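Participant: Before I ask anything, here is the structure I am working with.
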Amino acid sequence: MREPIDRPADLDAVRASYDRVADDYVRLVVDTGIGDPRCRPWLKAALDAFAESVAGIGPVLDVGCGPGTVTAYLAERGLDVTGVDLSPRMIDNARRLHPSCRFGVGSATDLDLADASLGGVLGWWSLFNLPRHVLPQVLASFARALMPGGCFITGTHTGEEDVRRTEAYGGPVEWTTHQWSPEKYVGLIEQAGLRPVAELRLPADEHVGPGLVVMAVRD
């Protein structure tokens with residue numbers, strides 16, 4: 001029997017934080033386009049490449065989907081995609097904004113994914129709250145869940161620090177952003193059993209710090 005993934009000690013606090021700022025985050029997306037890949041050509045290109053790579057392989061899971069912006073974009077591209085998020089309020093917004101898409105509430109640490117059941121998995125700027133000892137366990141669960149030829153794509157904040165946040169998206173929060181250097185992050189993906197095939201490094205802009213996108217394949 002497979003060992004369960006460790007439950008983050010701050011999981012409830014992180015969930016409550018995202019619930020508090022979910023509505024403000026949605027307004028920010030609408031007003032500024034943050035989170036909408038159609039507003040950032042390089043991120044759109046990465047998601048388009050992912051969509052083309054997994055088309056026809058199997059269903060896709062968007063883990064940490066927030067208000068469903070990327071889930072809906074991939075559904076428009078013809079993928080059989082489901083979004084899940086830790087925050088019930090984020091999922092309420094996702095269902096309201098994208099009623100034709102499928103969404104559910106769930107933590108990346110407690111998804112109970114069947115082996116070789118998915119054609120693709122996304123962790124699109126949604127895994128940085130996972131403690132450093134938990135992230136490798138989650139990545140390994142994603143690798144096991146992918147069919148041969150299936151793809152994992154992830155975006156994250158880069159750096160070397162654990163940044164404690166008390167305010168985000170216009171409201172009070174209680175979470176830690178665990179930053180990774182690109183080399184260490186890619187190394188974790190490889191250790192999970194996936195083969196990285198592309199990297200995109202993003203400089204800081206007026207909204208966020210430097211970031212990294214990685215796509216990897218299950219051979």
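Every chain in the structure tokens takes a letter, A first, then B, and so on in the order presented; its residues are numbered from 1, and the ligands are numbered from 1 following the presented order.
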Do you know which residues are at most 9 Å from stretch 107-110 of chain A counting only C-alpha atoms, after dropping those on the same chain fewer than 3 positions away, and could you put them as an NGL selection string?
Facilitator: :A and (4-8 or 11 or 63-64 or 84-87 or 113 or 127 or 130 or 134-135 or 137-138 or 141)
Participant: Go ahead and save the picked residues with all heavy atoms, as a tab-separated table (two decimals), in the first residue's frame.
Facilitator:
```
chain	number	residue	atom	x	y	z
A	4	PRO	N	0.70	7.58	2.28
A	4	PRO	CA	0.03	8.85	1.97
A	4	PRO	C	1.02	10.00	1.96
A	4	PRO	O	2.07	9.95	2.61
A	4	PRO	CB	-0.98	9.00	3.11
A	4	PRO	CG	-0.42	8.20	4.23
A	4	PRO	CD	0.29	7.03	3.59
A	5	ILE	N	0.69	11.03	1.22
A	5	ILE	CA	1.51	12.24	1.19
A	5	ILE	C	1.33	12.99	2.51
A	5	ILE	O	0.23	13.09	3.04
A	5	ILE	CB	1.10	13.13	0.00
A	5	ILE	CG1	1.41	12.40	-1.32
A	5	ILE	CG2	1.81	14.47	0.04
A	5	ILE	CD1	0.87	13.10	-2.54
A	6	ASP	N	2.43	13.51	3.03
A	6	ASP	CA	2.37	14.27	4.28
A	6	ASP	C	1.43	15.47	4.13
A	6	ASP	O	1.47	16.18	3.12
A	6	ASP	CB	3.75	14.77	4.67
A	6	ASP	CG	4.68	13.63	5.07
A	6	ASP	OD1	4.19	12.56	5.45
A	6	ASP	OD2	5.91	13.83	4.99
A	7	ARG	N	0.62	15.69	5.14
A	7	ARG	CA	-0.29	16.83	5.15
A	7	ARG	C	0.47	18.06	5.63
A	7	ARG	O	1.01	18.05	6.74
A	7	ARG	CB	-1.48	16.56	6.06
A	7	ARG	CG	-2.60	17.60	5.98
A	7	ARG	CD	-3.70	17.24	6.96
A	7	ARG	NE	-4.93	17.97	6.68
A	7	ARG	CZ	-5.22	19.18	7.15
A	7	ARG	NH1	-4.32	19.81	7.92
A	7	ARG	NH2	-6.35	19.77	6.86
A	8	PRO	N	0.52	19.14	4.85
A	8	PRO	CA	1.20	20.35	5.30
A	8	PRO	C	0.59	20.87	6.60
A	8	PRO	O	-0.63	20.92	6.75
A	8	PRO	CB	0.99	21.34	4.14
A	8	PRO	CG	0.78	20.47	2.95
A	8	PRO	CD	0.03	19.27	3.45
A	11	LEU	N	-1.90	23.74	6.04
A	11	LEU	CA	-2.88	23.57	4.96
A	11	LEU	C	-4.17	24.32	5.25
A	11	LEU	O	-4.72	25.00	4.36
A	11	LEU	CB	-3.16	22.09	4.72
A	11	LEU	CG	-4.03	21.75	3.51
A	11	LEU	CD1	-3.54	20.48	2.82
A	11	LEU	CD2	-5.50	21.57	3.92
A	63	VAL	N	-4.23	21.16	-11.28
A	63	VAL	CA	-4.15	21.13	-9.82
A	63	VAL	C	-3.83	22.54	-9.29
A	63	VAL	O	-2.79	23.10	-9.62
A	63	VAL	CB	-3.08	20.14	-9.35
A	63	VAL	CG1	-3.01	20.11	-7.82
A	63	VAL	CG2	-3.36	18.74	-9.88
A	64	GLY	N	-4.73	23.07	-8.47
A	64	GLY	CA	-4.59	24.44	-8.01
A	64	GLY	C	-5.09	25.41	-9.06
A	64	GLY	O	-4.42	26.39	-9.39
A	84	VAL	N	-9.07	21.42	-10.06
A	84	VAL	CA	-9.27	21.23	-8.62
A	84	VAL	C	-8.49	22.31	-7.88
A	84	VAL	O	-7.43	22.75	-8.34
A	84	VAL	CB	-8.83	19.83	-8.12
A	84	VAL	CG1	-9.65	18.74	-8.77
A	84	VAL	CG2	-7.35	19.60	-8.37
A	85	ASP	N	-9.04	22.73	-6.74
A	85	ASP	CA	-8.35	23.75	-5.95
A	85	ASP	C	-8.64	23.53	-4.49
A	85	ASP	O	-9.71	23.05	-4.11
A	85	ASP	CB	-8.80	25.16	-6.36
A	85	ASP	CG	-7.83	26.24	-5.89
A	85	ASP	OD1	-7.98	26.72	-4.76
A	85	ASP	OD2	-6.91	26.56	-6.67
A	86	LEU	N	-7.67	23.90	-3.66
A	86	LEU	CA	-7.80	23.79	-2.21
A	86	LEU	C	-8.92	24.66	-1.66
A	86	LEU	O	-9.56	24.31	-0.67
A	86	LEU	CB	-6.46	24.18	-1.57
A	86	LEU	CG	-6.36	24.21	-0.06
A	86	LEU	CD1	-6.50	22.80	0.51
A	86	LEU	CD2	-5.02	24.83	0.36
A	87	SER	N	-9.17	25.80	-2.30
A	87	SER	CA	-10.09	26.81	-1.79
A	87	SER	C	-11.50	26.62	-2.34
A	87	SER	O	-11.73	26.77	-3.54
A	87	SER	CB	-9.59	28.21	-2.16
A	87	SER	OG	-10.60	29.18	-2.07
A	113	LEU	N	-4.75	9.80	-6.83
A	113	LEU	CA	-4.70	9.62	-8.28
A	113	LEU	C	-4.33	8.18	-8.63
A	113	LEU	O	-3.36	7.64	-8.11
A	113	LEU	CB	-3.67	10.57	-8.88
A	113	LEU	CG	-3.89	12.07	-8.60
A	113	LEU	CD1	-2.73	12.88	-9.16
A	113	LEU	CD2	-5.22	12.54	-9.18
A	127	LEU	N	1.92	25.24	-6.74
A	127	LEU	CA	2.62	24.31	-5.86
A	127	LEU	C	3.60	25.00	-4.92
A	127	LEU	O	4.22	24.33	-4.09
A	127	LEU	CB	3.37	23.25	-6.69
A	127	LEU	CG	2.52	22.48	-7.72
A	127	LEU	CD1	3.40	21.50	-8.49
A	127	LEU	CD2	1.37	21.76	-7.05
A	130	LEU	N	3.57	24.47	-1.07
A	130	LEU	CA	3.88	23.16	-0.49
A	130	LEU	C	5.23	23.20	0.22
A	130	LEU	O	6.22	23.67	-0.36
A	130	LEU	CB	3.90	22.08	-1.58
A	130	LEU	CG	2.56	21.77	-2.24
A	130	LEU	CD1	2.77	20.83	-3.42
A	130	LEU	CD2	1.58	21.17	-1.23
A	134	VAL	N	7.37	18.20	1.21
A	134	VAL	CA	6.12	17.68	0.66
A	134	VAL	C	6.11	17.74	-0.87
A	134	VAL	O	5.58	16.83	-1.53
A	134	VAL	CB	4.92	18.44	1.24
A	134	VAL	CG1	3.61	17.99	0.58
A	134	VAL	CG2	4.84	18.23	2.75
A	135	LEU	N	6.68	18.78	-1.45
A	135	LEU	CA	6.65	18.93	-2.90
A	135	LEU	C	7.17	17.69	-3.64
A	135	LEU	O	6.54	17.24	-4.60
A	135	LEU	CB	7.43	20.18	-3.32
A	135	LEU	CG	7.50	20.43	-4.83
A	135	LEU	CD1	6.13	20.58	-5.45
A	135	LEU	CD2	8.36	21.66	-5.13
A	137	GLN	N	7.02	14.62	-2.83
A	137	GLN	CA	6.00	13.57	-2.74
A	137	GLN	C	4.85	13.84	-3.72
A	137	GLN	O	4.35	12.92	-4.37
A	137	GLN	CB	5.44	13.51	-1.31
A	137	GLN	CG	6.47	13.21	-0.24
A	137	GLN	CD	5.88	13.32	1.15
A	137	GLN	OE1	4.84	12.74	1.46
A	137	GLN	NE2	6.53	14.10	2.01
A	138	VAL	N	4.45	15.10	-3.83
A	138	VAL	CA	3.37	15.46	-4.75
A	138	VAL	C	3.82	15.24	-6.20
A	138	VAL	O	3.07	14.70	-7.02
A	138	VAL	CB	2.94	16.91	-4.51
A	138	VAL	CG1	2.02	17.41	-5.62
A	138	VAL	CG2	2.24	17.04	-3.16
A	141	SER	N	3.63	11.67	-7.08
A	141	SER	CA	2.25	11.21	-7.30
A	141	SER	C	1.77	11.61	-8.68
A	141	SER	O	1.03	10.85	-9.34
A	141	SER	CB	1.32	11.77	-6.22
A	141	SER	OG	1.04	13.16	-6.41
```
Participant: Name the residues in contact with stretch 147-149 of chain A at a cut-off of 8 Å, using only C-alpha atoms, excluding same-chain residues fewer than 3 positions from it; report them as number ranges by chain.
Facilitator: A: 54, 57-58, 115-119, 144, 217-219
Participant: Select, from A:Pro136, A:Pro131, A:Pro182, A:Gly120, the residue with the minimum atom-to-atom distance to A:Val81, counting only C-alpha atoms.
Facilitator: A:Gly120
Participant: As number ranges by chain, list the residues of stretch 12-200 of chain A assigned to strand (DSSP E or B) by DSSP on the backbone atoms of this structure.
Facilitator: A: 60-63, 81-85, 102-105, 118-124, 146-158, 162-168, 171-178, 180, 195-200
Participant: Could you list, as number ranges by chain, every residue within 7 Å of A:Gly155, counting only C-alpha atoms and ignoring same-chain residues fewer than 3 positions away?
Facilitator: A: 123-125, 211-214
Participant: What does the distance from atom CA of A:Gln179 to atom CA of A:Gly35 come to in Å, to one decimal?
Facilitator: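 Those two atoms sit 18.8 Å apart.
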Participant: Considering only C-alpha atoms, can you say which of A:Val173, A:Ala72, A:Leu122, A:Ala114 comes closest to A:Thr156?
Facilitator: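 The closest residue to A:Thr156 is A:Leu122.
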Participant: Stretch 5-92 of chain A near stretch 157-166 of chain A within 12 Å: what's each residue's closest atom pair and its distance in Å to one decimal, counting only C-alpha atoms, ordered by chain then ascending residue number, as JSON lines?
Facilitator:
```
{"residue": "A:Asp10", "atom": "CA", "partner": "A:Arg164", "partner_atom": "CA", "distance": 11.9}
{"residue": "A:Ala13", "atom": "CA", "partner": "A:Thr166", "partner_atom": "CA", "distance": 11.3}
{"residue": "A:Val14", "atom": "CA", "partner": "A:Arg165", "partner_atom": "CA", "distance": 10.5}
{"residue": "A:Ser17", "atom": "CA", "partner": "A:Thr166", "partner_atom": "CA", "distance": 9.3}
{"residue": "A:Tyr18", "atom": "CA", "partner": "A:Thr166", "partner_atom": "CA", "distance": 11.8}
{"residue": "A:Val21", "atom": "CA", "partner": "A:Thr166", "partner_atom": "CA", "distance": 11.7}
```
Participant: So which one's closest to A:Pro41, A:Ile91, A:Ala22, A:Leu202, A:Leu28? Using only C-alpha atoms, please.
Facilitator: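 Among A:Ile91, A:Ala22, A:Leu202, A:Leu28, it is A:Leu202 that comes nearest to A:Pro41.
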Participant: Excluding A:Gly187 and its own-chain neighbours fewer than 4 positions away, which residues fall within 12 Å of it when counting only C-alpha atoms? Please give them as a PyMOL selection string.
Facilitator: chain A and resi 136+139+180-183+191-196+214+216
Participant: Would you mind exporting the chosen residues as a PDB file, in the first residue's frame, restricted to C-alpha atoms?
Facilitator:
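Output contents, as saved in out.pdb:
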```pdb
ATOM      1  CA  PRO A 136       8.754  15.891  -3.972  1.00  0.00           C
ATOM      2  CA  LEU A 139       5.534  15.454  -7.887  1.00  0.00           C
ATOM      3  CA  TRP A 180      13.361  27.210  -5.657  1.00  0.00           C
ATOM      4  CA  SER A 181      16.268  27.839  -7.946  1.00  0.00           C
ATOM      5  CA  PRO A 182      15.537  26.651 -11.497  1.00  0.00           C
ATOM      6  CA  GLU A 183      18.229  23.971 -11.235  1.00  0.00           C
ATOM      7  CA  GLN A 191      13.806  12.721  -9.268  1.00  0.00           C
ATOM      8  CA  ALA A 192      10.044  12.212  -9.443  1.00  0.00           C
ATOM      9  CA  GLY A 193      10.521  10.125 -12.580  1.00  0.00           C
ATOM     10  CA  LEU A 194       9.780  12.668 -15.291  1.00  0.00           C
ATOM     11  CA  ARG A 195      11.974  13.845 -18.170  1.00  0.00           C
ATOM     12  CA  PRO A 196      12.094  17.636 -18.590  1.00  0.00           C
ATOM     13  CA  VAL A 214       8.954  23.530 -16.940  1.00  0.00           C
ATOM     14  CA  ALA A 216       8.252  17.225 -18.546  1.00  0.00           C
TER      15      ALA A 216
END
```
Participant: Excluding A:Pro99 and any residue of its chain fewer than 2 positions from it, enumerate the residues within 12 Å of it, using only C-alpha atoms, and give them as a ChimeraX atom specification.
Facilitator: /A:67-69,71-72,75,91-97,101-103
Participant: Select from stretch 16-196 of chain A everything DSSP, run on the backbone, classes as helix (DSSP H, G or I), then give the selection as a ChimeraX atom specification.
Facilitator: /A:16-32,37-39,41-54,69-76,88-97,135-145,182-191
Participant: So what do you get for atom CA of A:Phe128 versus atom CA of A:Thr176, distance-wise?
Facilitator: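 Atom-to-atom, atom CA of A:Phe128 to atom CA of A:Thr176, that is 8.0 Å.
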Participant: If you measure from atom CA of A:Val60 to atom CA of A:Leu111, what distance in Å do you get, rounded to one decimal?
Facilitator: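 Pair atom CA of A:Val60 / atom CA of A:Leu111 returns 13.5 Å.
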Participant: Select, from A:Pro59, A:Ala16, A:Trp175, A:Phe50, the residue with the minimum atom-to-atom distance to A:Val197, counting only C-alpha atoms.
Facilitator: A:Phe50
